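> Structure: my_file10.cif, mmCIF, C-alpha atoms and all ligand atoms.
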```cif
data_entry
#
loop_
_atom_site.label_atom_id
_atom_site.label_comp_id
_atom_site.auth_asym_id
_atom_site.auth_seq_id
_atom_site.Cartn_x
_atom_site.Cartn_y
_atom_site.Cartn_z
CA VAL U 1 5.09 29.91 16.67
CA VAL U 2 1.80 30.43 18.47
CA ARG U 3 0.93 28.21 21.41
CA SER U 4 -2.40 26.83 22.58
CA VAL U 5 -5.44 27.75 20.54
CA ARG U 6 -8.32 27.63 23.01
CA GLY U 7 -10.92 24.90 22.58
CA SER U 8 -9.30 23.42 19.50
CA LEU U 9 -7.27 20.28 19.19
CA ILE U 10 -4.30 22.33 18.00
CA LYS U 11 -1.59 22.85 20.61
CA THR U 12 0.99 24.77 18.59
CA VAL U 13 0.83 26.67 15.34
CA TYR U 14 3.95 26.90 13.16
CA TYR U 15 3.73 29.61 10.56
CA TYR U 16 6.08 30.01 7.58
CA ASP U 17 6.33 32.26 4.56
CA VAL U 18 7.68 29.47 2.37
CA LEU U 19 8.06 25.71 2.79
CA ASP U 20 8.67 22.90 0.36
CA SER U 21 5.55 21.19 1.73
CA THR U 22 3.67 21.69 5.00
CA ASN U 23 3.19 17.89 5.13
CA ASN U 24 6.97 17.39 5.14
CA LYS U 25 7.47 19.94 7.92
CA ALA U 26 4.65 18.44 10.00
CA ARG U 27 6.43 15.05 10.04
CA GLU U 28 9.10 16.49 12.33
CA LEU U 29 6.64 18.05 14.76
CA PRO U 30 4.78 16.69 17.79
CA GLU U 31 1.15 15.61 17.60
CA ASN U 32 -1.52 18.30 17.48
CA SER U 33 0.77 20.74 15.69
CA LEU U 34 -0.58 22.87 12.87
CA VAL U 35 1.81 23.98 10.14
CA ILE U 36 0.86 26.76 7.75
CA ALA U 37 2.77 28.23 4.83
CA GLU U 38 1.95 31.20 2.63
CA GLU U 39 3.34 29.28 -0.32
CA GLN U 40 4.84 25.88 -1.07
CA ILE U 41 7.66 25.18 -3.46
CA MET U 42 6.89 21.45 -3.73
CA GLY U 43 3.24 21.15 -2.72
CA LYS U 44 2.32 17.47 -2.92
CA GLY U 45 -0.74 15.71 -4.24
CA ARG U 46 -1.27 11.95 -4.06
CA LEU U 47 0.92 9.46 -5.93
CA GLY U 48 3.75 11.88 -6.58
CA ARG U 49 1.52 14.52 -8.15
CA LYS U 50 1.94 18.24 -7.54
CA TRP U 51 -0.29 20.66 -5.68
CA PHE U 52 -0.01 24.17 -7.13
CA SER U 53 0.61 26.39 -4.15
CA LYS U 54 1.03 30.00 -5.18
CA LYS U 55 0.59 32.82 -2.68
CA GLY U 56 -3.00 33.59 -1.76
CA GLY U 57 -4.07 30.02 -1.01
CA LEU U 58 -4.35 28.21 2.32
CA TYR U 59 -1.81 25.43 2.74
CA PHE U 60 -1.66 23.65 6.04
CA SER U 61 -1.06 20.31 7.73
CA ILE U 62 -2.07 18.84 11.06
CA ALA U 63 0.10 16.25 12.81
CA LEU U 64 -2.03 13.73 14.68
CA LYS U 65 -1.62 10.58 16.68
CA PRO U 66 -5.07 9.06 16.39
CA GLU U 67 -5.98 6.04 18.45
CA MET U 68 -7.19 4.18 15.41
CA ASN U 69 -6.23 1.14 13.42
CA LEU U 70 -4.07 1.73 10.40
CA GLU U 71 -6.75 0.38 8.05
CA ASP U 72 -9.18 3.02 9.31
CA ILE U 73 -7.01 5.96 8.23
CA PRO U 74 -8.86 6.44 4.91
CA LYS U 75 -11.86 7.34 7.09
CA LEU U 76 -9.79 10.19 8.52
CA THR U 77 -9.31 11.62 5.02
CA LEU U 78 -13.03 11.31 4.30
CA THR U 79 -13.80 12.89 7.68
CA SER U 80 -11.45 15.79 6.88
CA GLY U 81 -13.38 16.33 3.65
CA VAL U 82 -16.65 16.58 5.60
CA ALA U 83 -15.03 19.14 7.93
CA VAL U 84 -13.83 21.29 5.00
CA ALA U 85 -17.19 21.04 3.22
CA ARG U 86 -18.98 22.14 6.41
CA ALA U 87 -16.58 25.08 6.80
CA LEU U 88 -17.30 26.03 3.18
CA GLU U 89 -21.04 25.45 3.47
CA GLU U 90 -21.94 28.98 2.31
CA TYR U 91 -20.26 28.10 -1.01
CA GLN U 92 -22.29 24.87 -1.39
CA ALA U 93 -19.13 22.80 -1.30
CA ARG U 94 -19.56 19.12 -2.29
CA LEU U 95 -17.36 16.06 -1.86
CA LYS U 96 -15.84 14.01 -4.63
CA TRP U 97 -14.61 10.58 -3.57
CA PRO U 98 -12.05 10.05 -2.22
CA ASN U 99 -10.38 13.35 -1.35
CA ASP U 100 -11.61 16.38 -3.31
CA VAL U 101 -13.83 19.26 -2.30
CA LEU U 102 -15.67 20.86 -5.21
CA ILE U 103 -17.56 24.08 -5.71
CA ASN U 104 -19.72 24.30 -8.84
CA GLY U 105 -18.14 21.05 -9.98
CA LYS U 106 -14.58 22.41 -9.79
CA LYS U 107 -11.86 21.43 -7.36
CA VAL U 108 -11.34 24.00 -4.62
CA CYS U 109 -9.54 21.81 -2.10
CA GLY U 110 -7.45 18.66 -1.99
CA ILE U 111 -6.53 16.56 1.02
CA LEU U 112 -3.45 14.40 1.43
CA SER U 113 -3.14 12.11 4.46
CA GLU U 114 0.23 10.50 5.05
CA ILE U 115 1.10 7.86 7.62
CA VAL U 116 4.54 8.25 9.21
CA GLY U 117 6.51 6.24 11.75
CA GLU U 118 6.34 2.59 12.74
CA ILE U 119 3.18 0.51 12.37
CA GLU U 120 2.70 0.16 16.16
CA ASN U 121 3.33 3.84 16.83
CA PHE U 122 2.30 5.84 13.81
CA LYS U 123 1.42 9.48 13.26
CA VAL U 124 -0.83 10.80 10.55
CA ILE U 125 -0.23 14.04 8.72
CA VAL U 126 -3.41 15.50 7.27
CA GLY U 127 -2.55 18.11 4.64
CA ILE U 128 -5.21 20.44 3.32
CA GLY U 129 -4.89 22.87 0.43
CA ILE U 130 -7.69 25.36 -0.23
CA ASN U 131 -7.73 27.74 -3.18
CA VAL U 132 -8.65 31.15 -1.79
CA GLU U 133 -7.24 34.00 -3.87
CA ASN U 134 -4.39 32.16 -5.54
CA ALA U 135 -4.32 31.68 -9.30
CA VAL U 136 -5.71 28.26 -10.29
CA PRO U 137 -5.96 26.17 -13.49
CA ASP U 138 -9.19 26.16 -15.54
CA TYR U 139 -10.45 22.89 -14.10
CA ALA U 140 -10.19 24.34 -10.60
CA THR U 141 -11.78 27.24 -8.74
CA ASN U 142 -10.98 29.51 -5.82
CA LEU U 143 -13.18 31.14 -3.18
CA LYS U 144 -12.45 34.64 -4.42
CA ASN U 145 -14.40 33.78 -7.61
CA LEU U 146 -17.50 33.43 -5.46
CA ASN U 147 -16.89 35.95 -2.70
CA SER U 148 -14.72 39.00 -3.14
CA GLU U 149 -14.59 39.55 0.63
CA VAL U 150 -12.97 36.23 1.36
CA ASN U 151 -10.65 36.12 4.41
CA ARG U 152 -8.08 33.36 4.79
CA ALA U 153 -7.70 33.65 8.55
CA GLU U 154 -11.44 33.21 9.00
CA ILE U 155 -11.58 30.21 6.69
CA LEU U 156 -8.68 28.58 8.50
CA LYS U 157 -10.40 29.16 11.84
CA ASP U 158 -13.66 27.64 10.54
CA VAL U 159 -11.88 24.62 9.07
CA ILE U 160 -9.96 23.96 12.30
CA GLU U 161 -13.18 24.30 14.30
CA GLN U 162 -15.00 21.81 12.08
CA PHE U 163 -11.97 19.53 11.94
CA THR U 164 -11.81 19.45 15.74
CA LYS U 165 -15.49 18.54 15.93
CA TYR U 166 -15.41 15.77 13.32
CA TYR U 167 -12.07 14.35 14.48
CA LYS U 168 -13.51 13.98 17.98
CA MET U 169 -16.57 12.27 16.51
CA LEU U 170 -14.36 9.87 14.58
CA LEU U 171 -12.37 8.96 17.69
CA SER U 172 -15.63 8.46 19.63
CA ARG U 173 -16.66 5.78 17.16
CA GLU U 174 -19.20 7.95 15.41
CA TRP U 175 -17.86 7.19 11.94
CA ASN U 176 -21.23 6.01 10.68
CA LYS U 177 -22.73 9.42 11.50
CA ILE U 178 -19.88 11.11 9.63
CA ARG U 179 -20.39 8.67 6.77
CA PHE U 180 -24.03 9.74 6.43
CA GLU U 181 -22.95 13.39 6.37
CA TRP U 182 -20.42 12.52 3.68
CA LEU U 183 -23.19 10.90 1.66
CA GLU U 184 -25.37 14.01 2.10
CA LEU U 185 -22.54 16.20 0.85
CA SER U 186 -21.50 13.82 -1.90
CA ASP U 187 -21.11 14.93 -5.48
CA THR U 188 -20.11 11.44 -6.59
CA ILE U 189 -22.96 9.14 -5.60
CA GLY U 190 -25.38 8.63 -8.49
CA LYS U 191 -22.81 9.64 -11.11
CA PHE U 192 -21.19 7.44 -13.74
CA VAL U 193 -17.55 7.09 -12.91
CA GLU U 194 -14.31 5.55 -14.01
CA VAL U 195 -12.15 4.65 -11.05
CA LYS U 196 -8.52 3.73 -11.56
CA ALA U 197 -7.08 1.72 -8.71
CA GLY U 198 -3.59 0.31 -9.26
CA ASN U 199 -3.76 -1.43 -12.64
CA ARG U 200 -7.52 -2.00 -12.52
CA THR U 201 -10.20 0.27 -13.92
CA TYR U 202 -13.83 0.15 -12.87
CA ARG U 203 -16.57 1.81 -14.93
CA GLY U 204 -20.11 2.20 -13.81
CA LYS U 205 -22.50 3.99 -11.52
CA ALA U 206 -21.29 5.04 -8.07
CA ILE U 207 -24.11 3.92 -5.81
CA ASP U 208 -22.78 4.17 -2.25
CA MET U 209 -19.86 4.72 0.04
CA ASP U 210 -19.52 1.67 2.21
CA TYR U 211 -19.02 1.49 5.98
CA ASP U 212 -15.27 1.11 5.44
CA GLY U 213 -15.02 4.14 3.16
CA GLY U 214 -14.87 2.17 -0.11
CA LEU U 215 -16.82 3.40 -3.15
CA ILE U 216 -19.43 0.95 -4.43
CA VAL U 217 -19.59 0.92 -8.20
CA GLU U 218 -22.25 -0.92 -10.18
CA THR U 219 -20.40 -2.19 -13.24
CA GLU U 220 -21.51 -4.43 -16.11
CA GLU U 221 -19.74 -7.32 -14.40
CA GLY U 222 -21.41 -6.70 -11.08
CA THR U 223 -21.04 -4.62 -7.95
CA GLU U 224 -17.48 -3.74 -7.03
CA LYS U 225 -15.96 -1.98 -4.06
CA VAL U 226 -12.96 0.29 -4.56
CA PHE U 227 -10.88 1.34 -1.55
CA SER U 228 -8.69 4.01 -3.09
CA GLY U 229 -7.92 5.36 -6.47
CA ASP U 230 -8.60 8.15 -8.90
CA CYS U 231 -12.18 8.85 -9.76
CA PHE U 232 -13.28 10.51 -13.01
CA TYR U 233 -16.82 11.38 -14.03
CA ILE U 234 -17.84 9.99 -17.42
C1 LIG N 301 -4.72 16.17 -3.77
O1 LIG N 301 -4.01 15.28 -4.54
O2 LIG N 301 -5.74 16.70 -4.11
C2 LIG N 301 -4.08 16.48 -2.42
C3 LIG N 301 -3.61 17.90 -2.31
C4 LIG N 301 -3.10 18.24 -0.92
C5 LIG N 301 -2.48 19.59 -0.86
C6 LIG N 301 -2.10 19.99 0.53
S1 LIG N 301 -1.55 21.64 0.63
C7 LIG N 301 -0.98 21.42 2.23
C8 LIG N 301 -0.36 20.03 2.28
N1 LIG N 301 1.02 20.07 1.90
C9 LIG N 301 1.27 19.42 0.76
O3 LIG N 301 2.39 19.30 0.20
N2 LIG N 301 0.11 18.88 0.29
C10 LIG N 301 -1.01 19.16 1.19
P1 LIG N 301 -4.54 14.60 -5.87
O4 LIG N 301 -5.89 14.00 -5.65
O5 LIG N 301 -3.43 13.72 -6.31
O6 LIG N 301 -4.73 15.79 -6.85
C11 LIG N 301 -3.62 16.41 -7.49
C12 LIG N 301 -4.10 16.98 -8.81
O7 LIG N 301 -4.96 18.12 -8.56
C13 LIG N 301 -2.98 17.52 -9.66
O8 LIG N 301 -2.44 16.51 -10.46
C14 LIG N 301 -3.68 18.59 -10.48
O9 LIG N 301 -4.37 18.01 -11.57
C15 LIG N 301 -4.73 19.12 -9.52
N3 LIG N 301 -4.28 20.32 -8.80
C16 LIG N 301 -3.01 20.69 -8.47
N4 LIG N 301 -3.01 21.84 -7.79
C17 LIG N 301 -4.31 22.24 -7.70
C18 LIG N 301 -4.95 23.35 -7.12
N5 LIG N 301 -4.28 24.31 -6.47
N6 LIG N 301 -6.30 23.41 -7.20
C19 LIG N 301 -7.01 22.45 -7.82
N7 LIG N 301 -6.46 21.38 -8.40
C20 LIG N 301 -5.12 21.27 -8.35
#
```
Have the structure of the file written as structure tokens, please.

Amino acid sequence: VVRSVRGSLIKTVYYYDVLDSTNNKARELPENSLVIAEEQIMGKGRLGRKWFSKKGGLYFSIALKPEMNLEDIPKLTLTSGVAVARALEEYQARLKWPNDVLINGKKVCGILSEIVGEIENFKVIVGIGINVENAVPDYATNLKNLNSEVNRAEILKDVIEQFTKYYKMLLSREWNKIRFEWLELSDTIGKFVEVKAGNRTYRGKAIDMDYDGGLIVETEEGTEKVFSGDCFYI
């Protein structure tokens, strides 16, 4: 346990060799804690999916108590994506709606935000997984593929720095500024997509990300807004 990282929003760092999931550990910890594990046994994606978390990657979660409305939490996930993409700017990282960071069209990072606690007094766990020098599937990539000198401690420091900056912006009601940065970094806008949300599927051109974080898709039936879901390029 390391206390007080100067200038950052992180108060305490909890470091582990192995955890089931850093998101699960972060649930038990006070706000502004950072949990890191060298590997995860049960790394989680969204909707019960798995996040492959072999040694060599960066797996961490931040416990937060944002003064925000519950319905604005998707903006926190989008904001986290902007922070990661900025930290990975030298790799030309791009954002795929809603929660992927891509390099050369392949997934390098996934973000999982979870809301815990009661509705009036909730915490948010933001979990970030970045492929650094861990083995990854074919459809994914890691930073080592692009830079043999890659250093996990440095990347973590850069991500936390950017996260601190954008999180403060979000809390100071500067979401629209962040939204424009998201659009600048977007890999999704302008592409033809299939978005699966619950039992509905939308097919068409992604034309914008709305003020509330929803993806605007121009379909044959008309313009639709999707708030969350899985997005595939077609
Ligand atoms: C995500 O889910 O992309 C969110 C991943 C969040 C992982 C972090 S690691 C630290 C923290 N602790 C946790 O337990 N989780 C968070 P989703 O959009 O559902 O994508 C999951 C899908 O991505 C899987 O079904 C695979 O197809 C693919 N995938 C799994 N592991 C991957 C990896 N290491 N790199 C790239 N893609 C991967």
> What is the distance between atom CA of Arg152 of chain U and atom CA of Glu184 of chain U, in Å to one decimal?
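Atom CA of Glu184 of chain U lies 26.1 Å from atom CA of Arg152 of chain U.
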> Residues of chain U that have any atom at most 8 Å from an atom of ligand LIG 301 (chain N): could you tabulate them with the shortest-distance atom pair and the distance in Å to one decimal, using only C-alpha atoms and all ligand atoms, ordered by chain and increasing number, as a tab-separated table?

```
residue	atom	partner	partner_atom	distance
U:Asp20	CA	N:LIG301	O3	7.2
U:Ser21	CA	N:LIG301	O3	4.0
U:Thr22	CA	N:LIG301	N1	4.4
U:Asn23	CA	N:LIG301	N1	4.5
U:Asn24	CA	N:LIG301	O3	7.0
U:Ile36	CA	N:LIG301	C7	7.9
U:Gln40	CA	N:LIG301	O3	7.1
U:Met42	CA	N:LIG301	O3	6.3
U:Gly43	CA	N:LIG301	O3	3.6
U:Lys44	CA	N:LIG301	O3	3.6
U:Gly45	CA	N:LIG301	O1	3.3
U:Arg46	CA	N:LIG301	O5	3.6
U:Leu47	CA	N:LIG301	O5	6.1
U:Gly48	CA	N:LIG301	O5	7.4
U:Arg49	CA	N:LIG301	O8	5.0
U:Lys50	CA	N:LIG301	C13	5.4
U:Trp51	CA	N:LIG301	N4	3.6
U:Phe52	CA	N:LIG301	N4	3.9
U:Ser53	CA	N:LIG301	N5	5.8
U:Lys54	CA	N:LIG301	N5	7.9
U:Gly57	CA	N:LIG301	N5	7.9
U:Leu58	CA	N:LIG301	S1	7.3
U:Tyr59	CA	N:LIG301	C7	4.1
U:Phe60	CA	N:LIG301	C7	4.5
U:Ser61	CA	N:LIG301	C8	5.5
U:Asn99	CA	N:LIG301	O4	6.3
U:Asp100	CA	N:LIG301	O2	5.9
U:Lys106	CA	N:LIG301	C19	7.8
U:Lys107	CA	N:LIG301	C19	5.0
U:Val108	CA	N:LIG301	C19	5.6
U:Cys109	CA	N:LIG301	N6	6.3
U:Gly110	CA	N:LIG301	O2	3.4
U:Ile111	CA	N:LIG301	C2	4.2
U:Leu112	CA	N:LIG301	C2	4.4
U:Val126	CA	N:LIG301	C8	7.4
U:Gly127	CA	N:LIG301	C8	3.7
U:Ile128	CA	N:LIG301	C6	4.2
U:Gly129	CA	N:LIG301	S1	3.6
U:Ile130	CA	N:LIG301	N5	7.2
U:Asn131	CA	N:LIG301	N5	5.9
U:Asn134	CA	N:LIG301	N5	7.9
U:Ala135	CA	N:LIG301	N5	7.9
U:Val136	CA	N:LIG301	N5	5.7
U:Pro137	CA	N:LIG301	C19	6.9
U:Tyr139	CA	N:LIG301	N7	7.1
U:Ala140	CA	N:LIG301	C19	4.6
U:Thr141	CA	N:LIG301	C19	6.8
U:Asn142	CA	N:LIG301	N6	7.8
U:Asp230	CA	N:LIG301	O4	7.2
```
> Between atom CA of Thr223 of chain U and atom CA of Ile73 of chain U, what distance in Å does the model show, to one decimal?
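Separation of atom CA of Thr223 of chain U and atom CA of Ile73 of chain U: 23.9 Å.
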> My list of candidates is U:Ala26, U:Ala153, U:Ile10, U:Leu185. Which is closest to Val82 of chain U when distances are computed with all atoms listed in the file?
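Once distances to Val82 of chain U are computed over all atoms listed in the file, the minimum belongs to U:Leu185.
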> Residues within 10 Å of Phe180 of chain U, please, as a PyMOL selection string. Count only C-alpha atoms; anything in the same chain fewer than 6 positions from it doesn't count.
chain U and resi 186+209+211
> Could you give me, as a PDB file with C-alpha atoms, in the frame of the given file, the residues within 6 Å of Ala93 of chain U, counting all atoms listed in the file and dropping anything in the same chain fewer than 2 positions from it?

```pdb
ATOM      1  CA  ALA U  85     -17.190  21.040   3.220  1.00  0.00           C
ATOM      2  CA  LEU U  88     -17.300  26.030   3.180  1.00  0.00           C
ATOM      3  CA  GLU U  89     -21.040  25.450   3.470  1.00  0.00           C
ATOM      4  CA  TYR U  91     -20.260  28.100  -1.010  1.00  0.00           C
ATOM      5  CA  LEU U 102     -15.670  20.860  -5.210  1.00  0.00           C
ATOM      6  CA  ILE U 103     -17.560  24.080  -5.710  1.00  0.00           C
TER       7      ILE U 103
END
```
> Of the candidates U:Ala83, U:Met68, U:Ile41, U:Val18, which one gets nearest to Val159 of chain U if we count only C-alpha atoms?
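Closest residue, counting only C-alpha atoms: U:Ala83.
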> Can you tell me, as a ChimeraX atom specification, what residues are no more than 9 Å from Asp187 of chain U when counting only C-alpha atoms, ignoring any on the same chain fewer than 4 positions away?
/U:94-97,102,105,183,191
> Could you check how far atom CA of Gly56 of chain U sits from atom CA of Glu39 of chain U, in Å to one decimal?
7.8 Å
> Need to verify the contact set: Asn32 of chain U, 12 Å, all atoms listed in the file, exclusion of same-chain residues closer than 3 positions in sequence. Can you return it as a ChimeraX atom specification?
/U:3-5,8-14,26-29,35,61-66,123-126,160,163-164,167
> So which one's closest to Glu118 of chain U, U:Lys225, U:Glu154, U:Leu70, U:Cys231? Using all atoms listed in the file, please.
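The closest residue to Glu118 of chain U is U:Leu70.
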> Using only C-alpha atoms, pick whichever of U:Asn69, U:Ser80, U:Gln92, U:Asn147 has the shortest atom-to-atom distance to Ile115 of chain U.
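Closest candidate: U:Asn69.
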> Using all atoms listed in the file, which protein or nucleic acid residues come within 12 Å of Gly204 of chain U? Drop anything in the same chain fewer than 4 positions from it, and give the result as an MDAnalysis selection string.
chainID U and resid 188:196 215:226 231:234
> Which is closest to Thr77 of chain U among U:Trp175, U:Ile207, U:Ser113, U:Asp212, if we use all atoms listed in the file?
U:Ser113
